[in-house]
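Enquirer: Next up, protein-v6.cif (mmCIF, C-alpha atoms).
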data_target
loop_
_atom_site.group_PDB
_atom_site.id
_atom_site.type_symbol
_atom_site.label_atom_id
_atom_site.label_comp_id
_atom_site.auth_asym_id
_atom_site.auth_seq_id
_atom_site.Cartn_x
_atom_site.Cartn_y
_atom_site.Cartn_z
ATOM 1 C CA MET B 1 -37.199 -57.999 -19.897
ATOM 2 C CA GLU B 2 -40.027 -60.494 -19.458
ATOM 3 C CA PRO B 3 -41.920 -61.647 -22.601
ATOM 4 C CA LEU B 4 -45.069 -59.923 -21.292
ATOM 5 C CA TYR B 5 -43.402 -56.500 -21.307
ATOM 6 C CA ILE B 6 -41.659 -57.078 -24.632
ATOM 7 C CA GLY B 7 -44.945 -58.243 -26.185
ATOM 8 C CA ALA B 8 -46.772 -55.213 -24.788
ATOM 9 C CA LEU B 9 -44.059 -52.938 -26.203
ATOM 10 C CA PHE B 10 -44.409 -54.630 -29.608
ATOM 11 C CA ALA B 11 -48.206 -54.236 -29.512
ATOM 12 C CA PHE B 12 -48.038 -50.528 -28.722
ATOM 13 C CA SER B 13 -45.303 -50.110 -31.354
ATOM 14 C CA ALA B 14 -47.670 -51.689 -33.886
ATOM 15 C CA ALA B 15 -50.332 -49.117 -32.962
ATOM 16 C CA ILE B 16 -47.820 -46.285 -33.403
ATOM 17 C CA PHE B 17 -46.641 -47.563 -36.808
ATOM 18 C CA PHE B 18 -50.213 -48.079 -38.058
ATOM 19 C CA SER B 19 -51.206 -44.584 -36.904
ATOM 20 C CA LEU B 20 -48.186 -42.908 -38.484
ATOM 21 C CA SER B 21 -48.798 -44.883 -41.655
ATOM 22 C CA SER B 22 -52.344 -43.556 -41.893
ATOM 23 C CA VAL B 23 -51.015 -40.009 -41.464
ATOM 24 C CA ALA B 24 -48.472 -40.510 -44.268
ATOM 25 C CA THR B 25 -51.145 -42.205 -46.399
ATOM 26 C CA ARG B 26 -53.328 -39.105 -46.055
ATOM 27 C CA ARG B 27 -50.578 -37.057 -47.710
ATOM 28 C CA GLY B 28 -50.013 -39.726 -50.345
ATOM 29 C CA VAL B 29 -53.653 -40.091 -51.424
ATOM 30 C CA LEU B 30 -54.727 -36.485 -50.887
ATOM 31 C CA HIS B 31 -54.945 -35.952 -54.664
ATOM 32 C CA GLY B 32 -55.664 -39.553 -55.628
ATOM 33 C CA TYR B 33 -53.010 -42.255 -56.287
ATOM 34 C CA VAL B 34 -54.911 -44.856 -54.220
ATOM 35 C CA TYR B 35 -53.991 -47.726 -56.554
ATOM 36 C CA SER B 36 -50.327 -46.732 -56.556
ATOM 37 C CA THR B 37 -50.232 -46.451 -52.757
ATOM 38 C CA VAL B 38 -51.623 -49.954 -52.276
ATOM 39 C CA LEU B 39 -49.345 -51.496 -54.926
ATOM 40 C CA ILE B 40 -46.236 -49.862 -53.478
ATOM 41 C CA SER B 41 -47.154 -50.968 -49.936
ATOM 42 C CA ILE B 42 -47.375 -54.560 -51.197
ATOM 43 C CA LEU B 43 -44.096 -54.306 -53.102
ATOM 44 C CA ILE B 44 -42.386 -52.983 -49.960
ATOM 45 C CA GLY B 45 -44.025 -55.597 -47.732
ATOM 46 C CA ILE B 46 -42.909 -58.705 -49.638
ATOM 47 C CA PRO B 47 -39.126 -58.297 -49.093
ATOM 48 C CA MET B 48 -39.725 -57.076 -45.523
ATOM 49 C CA TYR B 49 -41.721 -60.200 -44.617
ATOM 50 C CA LEU B 50 -39.368 -62.474 -46.491
ATOM 51 C CA LEU B 51 -36.513 -61.099 -44.384
ATOM 52 C CA ALA B 52 -38.599 -61.453 -41.206
ATOM 53 C CA ALA B 53 -39.441 -65.055 -42.102
ATOM 54 C CA LEU B 54 -35.717 -65.738 -42.501
ATOM 55 C CA LEU B 55 -34.788 -64.021 -39.224
ATOM 56 C CA PHE B 56 -37.448 -65.860 -37.236
ATOM 57 C CA HIS B 57 -36.818 -69.172 -39.029
ATOM 58 C CA GLU B 58 -40.376 -69.433 -40.325
ATOM 59 C CA ILE B 59 -38.925 -69.943 -43.788
ATOM 60 C CA ASP B 60 -38.043 -73.449 -42.584
ATOM 61 C CA ASN B 61 -41.770 -74.251 -42.526
ATOM 62 C CA ILE B 62 -42.162 -73.927 -46.308
ATOM 63 C CA PRO B 63 -41.730 -77.700 -46.945
ATOM 64 C CA MET B 64 -44.728 -78.306 -44.639
ATOM 65 C CA LEU B 65 -47.052 -76.119 -46.703
ATOM 66 C CA THR B 66 -50.005 -77.825 -48.369
ATOM 67 C CA LEU B 67 -52.932 -76.585 -50.424
ATOM 68 C CA GLN B 68 -55.106 -76.763 -47.302
ATOM 69 C CA THR B 69 -52.710 -74.593 -45.282
ATOM 70 C CA ILE B 70 -52.155 -71.875 -47.891
ATOM 71 C CA ILE B 71 -55.743 -71.380 -49.108
ATOM 72 C CA PRO B 72 -56.818 -69.348 -46.013
ATOM 73 C CA PHE B 73 -53.834 -67.006 -46.411
ATOM 74 C CA ILE B 74 -54.478 -66.643 -50.151
ATOM 75 C CA LEU B 75 -58.108 -65.735 -49.452
ATOM 76 C CA ALA B 76 -57.029 -63.328 -46.715
ATOM 77 C CA GLY B 77 -54.583 -61.696 -49.124
ATOM 78 C CA ILE B 78 -57.285 -61.085 -51.733
ATOM 79 C CA ILE B 79 -59.859 -59.898 -49.202
ATOM 80 C CA HIS B 80 -57.586 -57.842 -46.929
ATOM 81 C CA PHE B 81 -54.846 -56.428 -49.149
ATOM 82 C CA VAL B 82 -56.633 -56.222 -52.508
ATOM 83 C CA ILE B 83 -60.134 -55.185 -51.445
ATOM 84 C CA GLY B 84 -59.814 -53.945 -47.854
ATOM 85 C CA ARG B 85 -56.677 -51.854 -48.185
ATOM 86 C CA TYR B 86 -57.894 -50.221 -51.410
ATOM 87 C CA ILE B 87 -61.207 -49.280 -49.772
ATOM 88 C CA LEU B 88 -59.349 -48.036 -46.682
ATOM 89 C CA TYR B 89 -57.012 -45.771 -48.659
ATOM 90 C CA SER B 90 -59.958 -44.509 -50.717
ATOM 91 C CA SER B 91 -61.700 -43.521 -47.492
ATOM 92 C CA VAL B 92 -58.580 -41.728 -46.261
ATOM 93 C CA HIS B 93 -58.536 -39.856 -49.584
ATOM 94 C CA TYR B 94 -62.090 -38.580 -49.040
ATOM 95 C CA ILE B 95 -62.310 -37.886 -45.292
ATOM 96 C CA GLY B 96 -58.769 -38.160 -43.921
ATOM 97 C CA ALA B 97 -57.142 -40.510 -41.438
ATOM 98 C CA SER B 98 -58.603 -38.897 -38.322
ATOM 99 C CA SER B 99 -62.159 -39.806 -39.377
ATOM 100 C CA THR B 100 -61.396 -43.054 -41.213
ATOM 101 C CA MET B 101 -59.262 -44.898 -38.650
ATOM 102 C CA PRO B 102 -61.748 -44.776 -35.725
ATOM 103 C CA ILE B 103 -64.401 -46.375 -37.953
ATOM 104 C CA VAL B 104 -61.975 -48.957 -39.346
ATOM 105 C CA ALA B 105 -60.913 -49.877 -35.794
ATOM 106 C CA THR B 106 -64.417 -51.268 -35.221
ATOM 107 C CA SER B 107 -63.406 -54.256 -37.379
ATOM 108 C CA ASN B 108 -62.387 -55.834 -34.046
ATOM 109 C CA VAL B 109 -65.982 -55.499 -32.875
ATOM 110 C CA PHE B 110 -67.496 -56.860 -36.073
ATOM 111 C CA SER B 111 -65.124 -59.833 -36.194
ATOM 112 C CA ALA B 112 -66.268 -60.844 -32.700
ATOM 113 C CA PHE B 113 -69.881 -60.976 -33.889
ATOM 114 C CA ILE B 114 -69.153 -62.616 -37.244
ATOM 115 C CA ALA B 115 -67.305 -65.307 -35.273
ATOM 116 C CA ILE B 116 -70.458 -66.197 -33.318
ATOM 117 C CA PRO B 117 -72.181 -68.197 -36.087
ATOM 118 C CA ILE B 118 -68.993 -69.208 -37.925
ATOM 119 C CA LEU B 119 -66.701 -70.221 -35.047
ATOM 120 C CA ARG B 120 -69.557 -70.890 -32.600
ATOM 121 C CA GLU B 121 -68.376 -68.268 -30.151
ATOM 122 C CA THR B 122 -70.778 -67.061 -27.474
ATOM 123 C CA VAL B 123 -72.772 -63.851 -27.150
ATOM 124 C CA THR B 124 -72.015 -62.018 -23.907
ATOM 125 C CA PRO B 125 -73.426 -58.818 -22.368
ATOM 126 C CA PHE B 126 -70.015 -57.147 -22.747
ATOM 127 C CA LYS B 127 -69.967 -57.941 -26.477
ATOM 128 C CA VAL B 128 -73.432 -56.483 -26.988
ATOM 129 C CA LEU B 129 -72.581 -53.391 -24.949
ATOM 130 C CA GLY B 130 -69.328 -53.010 -26.886
ATOM 131 C CA LEU B 131 -71.163 -53.194 -30.224
ATOM 132 C CA VAL B 132 -73.682 -50.555 -29.129
ATOM 133 C CA THR B 133 -70.893 -48.307 -27.806
ATOM 134 C CA ALA B 134 -68.850 -48.619 -31.017
ATOM 135 C CA ALA B 135 -71.995 -47.875 -33.064
ATOM 136 C CA ILE B 136 -72.469 -44.633 -31.112
ATOM 137 C CA GLY B 137 -68.891 -43.646 -31.982
ATOM 138 C CA ILE B 138 -69.451 -44.372 -35.675
ATOM 139 C CA GLY B 139 -72.689 -42.400 -35.545
ATOM 140 C CA LEU B 140 -70.886 -39.381 -34.109
ATOM 141 C CA ILE B 141 -68.469 -39.314 -37.033
ATOM 142 C CA ALA B 142 -71.093 -40.059 -39.685
ATOM 143 C CA SER B 143 -73.380 -37.292 -38.417
ATOM 144 C CA MET B 144 -70.772 -34.543 -38.574
ATOM 145 C CA SER B 145 -72.233 -31.607 -40.535
ATOM 146 C CA LEU B 146 -69.327 -30.865 -42.837
ATOM 147 C CA ASN B 147 -69.429 -29.224 -46.229
ATOM 148 C CA ILE B 148 -66.855 -31.620 -47.640
ATOM 149 C CA LYS B 149 -67.260 -33.246 -51.036
ATOM 150 C CA GLY B 150 -67.414 -37.010 -50.723
ATOM 151 C CA PHE B 151 -67.705 -37.067 -46.913
ATOM 152 C CA LYS B 152 -70.636 -39.499 -46.842
ATOM 153 C CA LYS B 153 -68.914 -41.669 -49.444
ATOM 154 C CA GLY B 154 -65.763 -41.712 -47.320
ATOM 155 C CA VAL B 155 -67.716 -42.797 -44.225
ATOM 156 C CA ILE B 156 -69.374 -45.612 -46.185
ATOM 157 C CA LEU B 157 -65.978 -46.733 -47.507
ATOM 158 C CA ALA B 158 -64.484 -46.696 -43.988
ATOM 159 C CA PHE B 159 -67.383 -48.761 -42.655
ATOM 160 C CA SER B 160 -67.050 -51.175 -45.595
ATOM 161 C CA SER B 161 -63.334 -51.615 -44.969
ATOM 162 C CA ALA B 162 -64.071 -52.398 -41.302
ATOM 163 C CA LEU B 163 -66.398 -55.206 -42.407
ATOM 164 C CA VAL B 164 -63.849 -56.498 -44.927
ATOM 165 C CA PHE B 165 -61.050 -56.496 -42.330
ATOM 166 C CA ALA B 166 -63.330 -58.258 -39.844
ATOM 167 C CA SER B 167 -63.936 -61.047 -42.366
ATOM 168 C CA SER B 168 -60.254 -61.388 -43.239
ATOM 169 C CA ALA B 169 -59.317 -61.538 -39.537
ATOM 170 C CA LEU B 170 -61.489 -64.627 -39.098
ATOM 171 C CA ILE B 171 -59.926 -66.268 -42.142
ATOM 172 C CA VAL B 172 -56.438 -65.550 -40.785
ATOM 173 C CA ARG B 173 -57.469 -66.896 -37.377
ATOM 174 C CA TYR B 174 -58.567 -70.134 -39.016
ATOM 175 C CA GLY B 175 -55.396 -70.233 -41.131
ATOM 176 C CA LEU B 176 -53.182 -69.910 -38.066
ATOM 177 C CA ILE B 177 -55.037 -72.763 -36.371
ATOM 178 C CA VAL B 178 -54.311 -74.980 -39.374
ATOM 179 C CA PHE B 179 -50.747 -73.696 -39.889
ATOM 180 C CA ASN B 180 -49.221 -71.664 -37.061
ATOM 181 C CA SER B 181 -46.685 -69.616 -38.991
ATOM 182 C CA PRO B 182 -47.917 -65.990 -38.925
ATOM 183 C CA ILE B 183 -45.081 -64.218 -40.738
ATOM 184 C CA LEU B 184 -45.016 -66.800 -43.494
ATOM 185 C CA GLY B 185 -48.814 -66.536 -43.609
ATOM 186 C CA VAL B 186 -48.826 -62.793 -44.230
ATOM 187 C CA LEU B 187 -46.047 -63.231 -46.819
ATOM 188 C CA ILE B 188 -48.288 -65.691 -48.688
ATOM 189 C CA SER B 189 -51.144 -63.178 -48.436
ATOM 190 C CA TYR B 190 -48.995 -60.420 -49.935
ATOM 191 C CA LEU B 191 -47.761 -62.689 -52.731
ATOM 192 C CA SER B 192 -51.395 -63.572 -53.488
ATOM 193 C CA ALA B 193 -52.443 -59.919 -53.702
ATOM 194 C CA LEU B 194 -49.531 -58.808 -55.889
ATOM 195 C CA PRO B 195 -50.626 -60.465 -59.197
ATOM 196 C CA VAL B 196 -54.022 -58.749 -58.967
ATOM 197 C CA TYR B 197 -52.452 -55.300 -58.733
ATOM 198 C CA ILE B 198 -49.762 -56.062 -61.316
ATOM 199 C CA SER B 199 -52.461 -57.177 -63.762
ATOM 200 C CA LEU B 200 -54.154 -53.795 -63.385
ATOM 201 C CA LEU B 201 -51.061 -52.191 -64.897
ATOM 202 C CA SER B 202 -52.327 -53.506 -68.217
ATOM 203 C CA THR B 203 -54.877 -50.690 -68.163
ATOM 204 C CA GLN B 204 -53.828 -47.311 -69.475
ATOM 205 C CA VAL B 205 -55.406 -45.476 -66.523
ATOM 206 C CA MET B 206 -53.317 -47.333 -63.931
ATOM 207 C CA ARG B 207 -50.102 -47.025 -65.932
ATOM 208 C CA ARG B 208 -50.691 -43.299 -66.264
ATOM 209 C CA GLU B 209 -51.238 -43.001 -62.496
ATOM 210 C CA MET B 210 -48.018 -44.886 -61.695
ATOM 211 C CA ASN B 211 -46.001 -42.843 -64.183
ATOM 212 C CA ASN B 212 -47.301 -39.455 -63.059
ATOM 213 C CA ILE B 213 -46.816 -39.597 -59.290
ATOM 214 C CA PRO B 214 -45.198 -36.334 -58.121
ATOM 215 C CA ARG B 215 -41.900 -36.856 -56.296
ATOM 216 C CA LYS B 216 -43.186 -35.389 -53.030
ATOM 217 C CA THR B 217 -46.310 -37.570 -53.134
ATOM 218 C CA LEU B 218 -44.178 -40.633 -53.905
ATOM 219 C CA THR B 219 -42.090 -39.913 -50.815
ATOM 220 C CA TYR B 220 -45.200 -40.035 -48.605
ATOM 221 C CA ILE B 221 -46.412 -43.203 -50.347
ATOM 222 C CA LEU B 222 -43.068 -44.929 -49.721
ATOM 223 C CA ILE B 223 -43.045 -43.835 -46.070
ATOM 224 C CA SER B 224 -46.616 -45.086 -45.687
ATOM 225 C CA GLY B 225 -45.677 -48.453 -47.199
ATOM 226 C CA VAL B 226 -42.740 -48.951 -44.842
ATOM 227 C CA LEU B 227 -44.712 -47.896 -41.766
ATOM 228 C CA VAL B 228 -47.781 -50.055 -42.430
ATOM 229 C CA ASN B 229 -45.597 -53.124 -42.930
ATOM 230 C CA PHE B 230 -43.650 -52.456 -39.739
ATOM 231 C CA GLY B 231 -47.036 -52.183 -38.021
ATOM 232 C CA GLN B 232 -48.088 -55.590 -39.324
ATOM 233 C CA LEU B 233 -44.729 -57.098 -38.329
ATOM 234 C CA PHE B 234 -44.849 -55.763 -34.755
ATOM 235 C CA ARG B 235 -48.469 -56.912 -34.471
ATOM 236 C CA TYR B 236 -47.498 -60.483 -35.308
ATOM 237 C CA LEU B 237 -44.449 -60.341 -33.030
ATOM 238 C CA ALA B 238 -46.662 -59.134 -30.166
ATOM 239 C CA LEU B 239 -49.229 -61.890 -30.695
ATOM 240 C CA ASN B 240 -46.397 -64.421 -30.719
ATOM 241 C CA LEU B 241 -45.398 -63.352 -27.180
ATOM 242 C CA ILE B 242 -48.578 -62.330 -25.402
ATOM 243 C CA GLU B 243 -52.266 -63.230 -25.417
ATOM 244 C CA VAL B 244 -54.733 -61.463 -27.703
ATOM 245 C CA SER B 245 -56.542 -60.101 -24.634
ATOM 246 C CA VAL B 246 -53.359 -58.205 -23.691
ATOM 247 C CA ALA B 247 -52.242 -57.132 -27.177
ATOM 248 C CA SER B 248 -55.625 -56.024 -28.552
ATOM 249 C CA PRO B 249 -56.282 -53.107 -26.141
ATOM 250 C CA LEU B 250 -52.823 -51.699 -26.899
ATOM 251 C CA ILE B 251 -53.254 -52.080 -30.660
ATOM 252 C CA SER B 252 -56.752 -50.608 -30.387
ATOM 253 C CA THR B 253 -55.292 -47.249 -29.378
ATOM 254 C CA ILE B 254 -54.790 -46.628 -33.132
ATOM 255 C CA PRO B 255 -57.788 -44.237 -33.484
ATOM 256 C CA ILE B 256 -56.634 -42.051 -30.589
ATOM 257 C CA LEU B 257 -52.998 -42.058 -31.741
ATOM 258 C CA THR B 258 -54.108 -41.227 -35.280
ATOM 259 C CA ILE B 259 -55.980 -38.147 -34.048
ATOM 260 C CA ILE B 260 -52.922 -37.007 -32.083
ATOM 261 C CA PHE B 261 -50.466 -37.564 -34.954
ATOM 262 C CA SER B 262 -52.863 -36.008 -37.454
ATOM 263 C CA TYR B 263 -53.105 -32.900 -35.299
ATOM 264 C CA LEU B 264 -49.322 -32.685 -34.979
ATOM 265 C CA ILE B 265 -48.510 -33.381 -38.636
ATOM 266 C CA ASN B 266 -51.586 -32.961 -40.847
ATOM 267 C CA ARG B 267 -53.775 -30.425 -39.103
ATOM 268 C CA ASP B 268 -53.904 -28.328 -42.301
ATOM 269 C CA ILE B 269 -55.589 -31.107 -44.309
ATOM 270 C CA GLU B 270 -57.393 -33.156 -41.634
ATOM 271 C CA ILE B 271 -60.818 -33.035 -39.997
ATOM 272 C CA ILE B 272 -59.914 -32.658 -36.333
ATOM 273 C CA ASN B 273 -62.521 -31.562 -33.826
ATOM 274 C CA ILE B 274 -64.002 -32.512 -30.478
ATOM 275 C CA ARG B 275 -66.571 -34.788 -32.099
ATOM 276 C CA ASN B 276 -64.192 -37.166 -33.871
ATOM 277 C CA PHE B 277 -61.838 -37.189 -30.881
ATOM 278 C CA LEU B 278 -64.760 -38.104 -28.617
ATOM 279 C CA ALA B 279 -65.873 -40.708 -31.169
ATOM 280 C CA SER B 280 -62.384 -42.255 -31.078
ATOM 281 C CA ILE B 281 -62.554 -42.555 -27.295
ATOM 282 C CA ILE B 282 -66.046 -44.089 -27.429
ATOM 283 C CA ILE B 283 -65.025 -46.586 -30.117
ATOM 284 C CA PHE B 284 -61.938 -47.518 -28.092
ATOM 285 C CA ILE B 285 -64.167 -48.201 -25.070
ATOM 286 C CA GLY B 286 -66.459 -50.298 -27.268
ATOM 287 C CA ILE B 287 -63.520 -52.393 -28.474
ATOM 288 C CA ILE B 288 -62.316 -52.940 -24.894
ATOM 289 C CA LEU B 289 -65.804 -54.073 -23.861
ATOM 290 C CA VAL B 290 -65.889 -56.601 -26.697
ATOM 291 C CA ILE B 291 -62.424 -57.862 -25.744
ATOM 292 C CA MET B 292 -63.601 -58.259 -22.137
ATOM 293 C CA GLY B 293 -66.594 -60.215 -23.396
ATOM 294 C CA SER B 294 -64.364 -62.512 -25.436
ATOM 295 C CA THR B 295 -62.004 -63.494 -22.617
#
Any chance you could put this one into structure tokens?

Expert:
Amino acid sequence: MEPLYIGALFAFSAAIFFSLSSVATRRGVLHGYVYSTVLISILIGIPMYLLAALLFHEIDNIPMLTLQTIIPFILAGIIHFVIGRYILYSSVHYIGASSTMPIVATSNVFSAFIAIPILRETVTPFKVLGLVTAAIGIGLIASMSLNIKGFKKGVILAFSSALVFASSALIVRYGLIVFNSPILGVLISYLSALPVYISLLSTQVMRREMNNIPRKTLTYILISGVLVNFGQLFRYLALNLIEVSVASPLISTIPILTIIFSYLINRDIEIINIRNFLASIIIFIGIILVIMGST
């Protein structure tokens, strides 16, 4: 198979893994355990990325690491995996994956606009139209009249995580310009996030949470951790083979796939209706418009 087709397959596989992970995460954080879910995902990710770095020979680049090359990945690790992932899983806890993931997917839109002043990228009509379109999709979800405790809080958390992920994406982009070793980069990010979460085990509340996870909940948390890390791995593999303009639309199908998988697996605990499905489609269109304006 040609690299284009393999890369496209990897990109769509990443979308599938991310979507399934969000579905499993919903089960894992349904009754809390957000801290534990994030910590376990990091603990699972480190050996997975270490193995990937060995398989793809990126481990050979370690002697070339300098303080300048690792700082962006350390910052990305703190911002993305410590702050962003915790906020994301908290949002899933409150409003479910089917409402959280479409909002979080707009991080692609926000990163394009944050890049304008920072990376001196240009404003285009497609970018503006994409932002407006994505905002309509977010508005559809946020305006749902649901008698669900914490719904507004969950929407705010999802929107916040989108902004956090947008910021971390720009840092990673800069880091890969300075040191083009993506798998090793994400491994450094995970290793940077781990001490923060380990240190939280010094608190009695976090130790109690880790020690009291029900076996069934732990199973979903472990599945979520494996799936999200496979998603990250396939995303990097795709971007190593094909251009961002090809990979991004495929990866951006996450909101739609999440709705479908949530309906098939979690319909008893998810918010699934015409409005959030339509919002997912609108947000997807907004992302595509921004991608078109960036190419």

Enquirer: Using all atoms listed in the file, which residue out of B:Ile59, B:Leu20, B:Val164, B:Ile78 lies closest to Ser107 of chain B?

Expert: B:Val164

Enquirer: Report as a PyMOL selection string the full result of the PyMOL selection byres ((chain B and resi 185-193) around 7) when it is applied to this structure.

Expert: chain B and resi 42+46+49-50+73-74+76-78+81-82+181-184+194-197

Enquirer: Mind checking which residues fall within 8 Å of Arg26 of chain B, counting only C-alpha atoms, ignoring those fewer than 6 positions away in the same chain, and posting them as a ChimeraX atom specification?

Expert: /B:92-93,96-97

Enquirer: So which residues are close to (-72.1, -38.2, -41.4), meaning at most 12 Å away in the file's coordinates with all atoms listed in the file counted, and can you show them as a ChimeraX atom specification?

Expert: /B:95,99-100,103,137-156,158-159,275-276

Enquirer: Leaving out Val109 of chain B and any residue of its chain fewer than 3 positions from it, which residues lie within 7 Å of it when counting all atoms listed in the file, given as a VMD selection string?

Expert: chain B and resid 106 112 to 113 131 287 290

Enquirer: Need to verify the contact set: segment 11-18 of chain B, 12 Å, all atoms listed in the file, exclusion of same-chain residues closer than 6 positions in sequence. Can you return it as a ChimeraX atom specification?

Expert: /B:3-5,24-25,97,101,104-105,223-261

Enquirer: Let me know the residues the PyMOL selection byres ((chain B and resi 128-130) around 9) catches in the file above, as a list in words.

Expert: Val109, Phe113, Val123, Thr124, Pro125, Phe126, Lys127, Leu131, Val132, Thr133, Ala134, Ala135, Ile283, Ile285, Gly286, Ile287, Ile288, Leu289, Val290, Ile291 and Gly293 of chain B

Enquirer: Would you kindly translate the PyMOL selection byres ((chain B and resi 27-37) around 8) into the concrete residues it picks from this file, as a PyMOL selection string?

Expert: chain B and resi 23-26+38-41+86+89-90+92-94+206+209-210+213+217-222+224-225

Enquirer: Could you tell me how far atom CA of Ser111 of chain B sits from atom CA of Phe56 of chain B, in Å to one decimal place?

Expert: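 Computed distance, atom CA of Phe56 of chain B to atom CA of Ser111 of chain B, equals 28.3 Å.
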
Enquirer: If I take atom CA of Ile282 of chain B and atom CA of Ser294 of chain B, how far is one from the other in Å, to one decimal?

Expert: 18.6 Å

Enquirer: By how many Å are atom CA of Ser91 of chain B and atom CA of Ser202 of chain B apart?

Expert: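 Between atom CA of Ser91 of chain B and atom CA of Ser202 of chain B the gap works out to 24.8 Å.
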
Enquirer: Quick one: segment 110-126 of chain B with N, CA and C atoms, as a JSON list (two decimals), in the first residue's frame?

Expert:
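What ended up in part.json:
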[["chain", "number", "residue", "atom", "x", "y", "z"],
["B", 110, "PHE", "N", -9.57, 26.57, 17.59],
["B", 110, "PHE", "CA", -8.95, 27.57, 18.45],
["B", 110, "PHE", "C", -7.44, 27.66, 18.23],
["B", 111, "SER", "N", -6.80, 26.50, 18.01],
["B", 111, "SER", "CA", -5.35, 26.52, 17.80],
["B", 111, "SER", "C", -4.99, 27.30, 16.54],
["B", 112, "ALA", "N", -5.85, 27.22, 15.52],
["B", 112, "ALA", "CA", -5.60, 27.96, 14.28],
["B", 112, "ALA", "C", -5.63, 29.47, 14.52],
["B", 113, "PHE", "N", -6.49, 29.92, 15.44],
["B", 113, "PHE", "CA", -6.58, 31.35, 15.71],
["B", 113, "PHE", "C", -5.54, 31.81, 16.72],
["B", 114, "ILE", "N", -5.19, 30.95, 17.67],
["B", 114, "ILE", "CA", -4.12, 31.31, 18.61],
["B", 114, "ILE", "C", -2.80, 31.43, 17.86],
["B", 115, "ALA", "N", -2.66, 30.62, 16.79],
["B", 115, "ALA", "CA", -1.42, 30.63, 16.01],
["B", 115, "ALA", "C", -1.23, 31.91, 15.21],
["B", 116, "ILE", "N", -2.30, 32.66, 15.00],
["B", 116, "ILE", "CA", -2.20, 33.88, 14.18],
["B", 116, "ILE", "C", -1.25, 34.91, 14.79],
["B", 117, "PRO", "N", -1.42, 35.27, 16.07],
["B", 117, "PRO", "CA", -0.46, 36.24, 16.63],
["B", 117, "PRO", "C", 0.87, 35.60, 17.05],
["B", 118, "ILE", "N", 0.82, 34.31, 17.45],
["B", 118, "ILE", "CA", 2.03, 33.68, 17.98],
["B", 118, "ILE", "C", 2.96, 33.21, 16.86],
["B", 119, "LEU", "N", 2.39, 32.49, 15.88],
["B", 119, "LEU", "CA", 3.20, 31.95, 14.78],
["B", 119, "LEU", "C", 3.07, 32.78, 13.51],
["B", 120, "ARG", "N", 2.39, 33.91, 13.62],
["B", 120, "ARG", "CA", 2.22, 34.84, 12.49],
["B", 120, "ARG", "C", 1.54, 34.18, 11.29],
["B", 121, "GLU", "N", 0.56, 33.34, 11.58],
["B", 121, "GLU", "CA", -0.22, 32.74, 10.51],
["B", 121, "GLU", "C", -1.30, 33.74, 10.08],
["B", 122, "THR", "N", -1.85, 33.52, 8.91],
["B", 122, "THR", "CA", -2.77, 34.50, 8.32],
["B", 122, "THR", "C", -4.23, 34.19, 8.65],
["B", 123, "VAL", "N", -5.03, 35.26, 8.67],
["B", 123, "VAL", "CA", -6.49, 35.11, 8.79],
["B", 123, "VAL", "C", -7.06, 34.95, 7.39],
["B", 124, "THR", "N", -7.91, 33.94, 7.21],
["B", 124, "THR", "CA", -8.54, 33.71, 5.92],
["B", 124, "THR", "C", -10.06, 33.64, 6.10],
["B", 125, "PRO", "N", -10.82, 33.90, 5.03],
["B", 125, "PRO", "CA", -12.28, 33.79, 5.15],
["B", 125, "PRO", "C", -12.75, 32.41, 5.61],
["B", 126, "PHE", "N", -12.06, 31.35, 5.16],
["B", 126, "PHE", "CA", -12.44, 30.00, 5.57],
["B", 126, "PHE", "C", -12.24, 29.81, 7.08]]
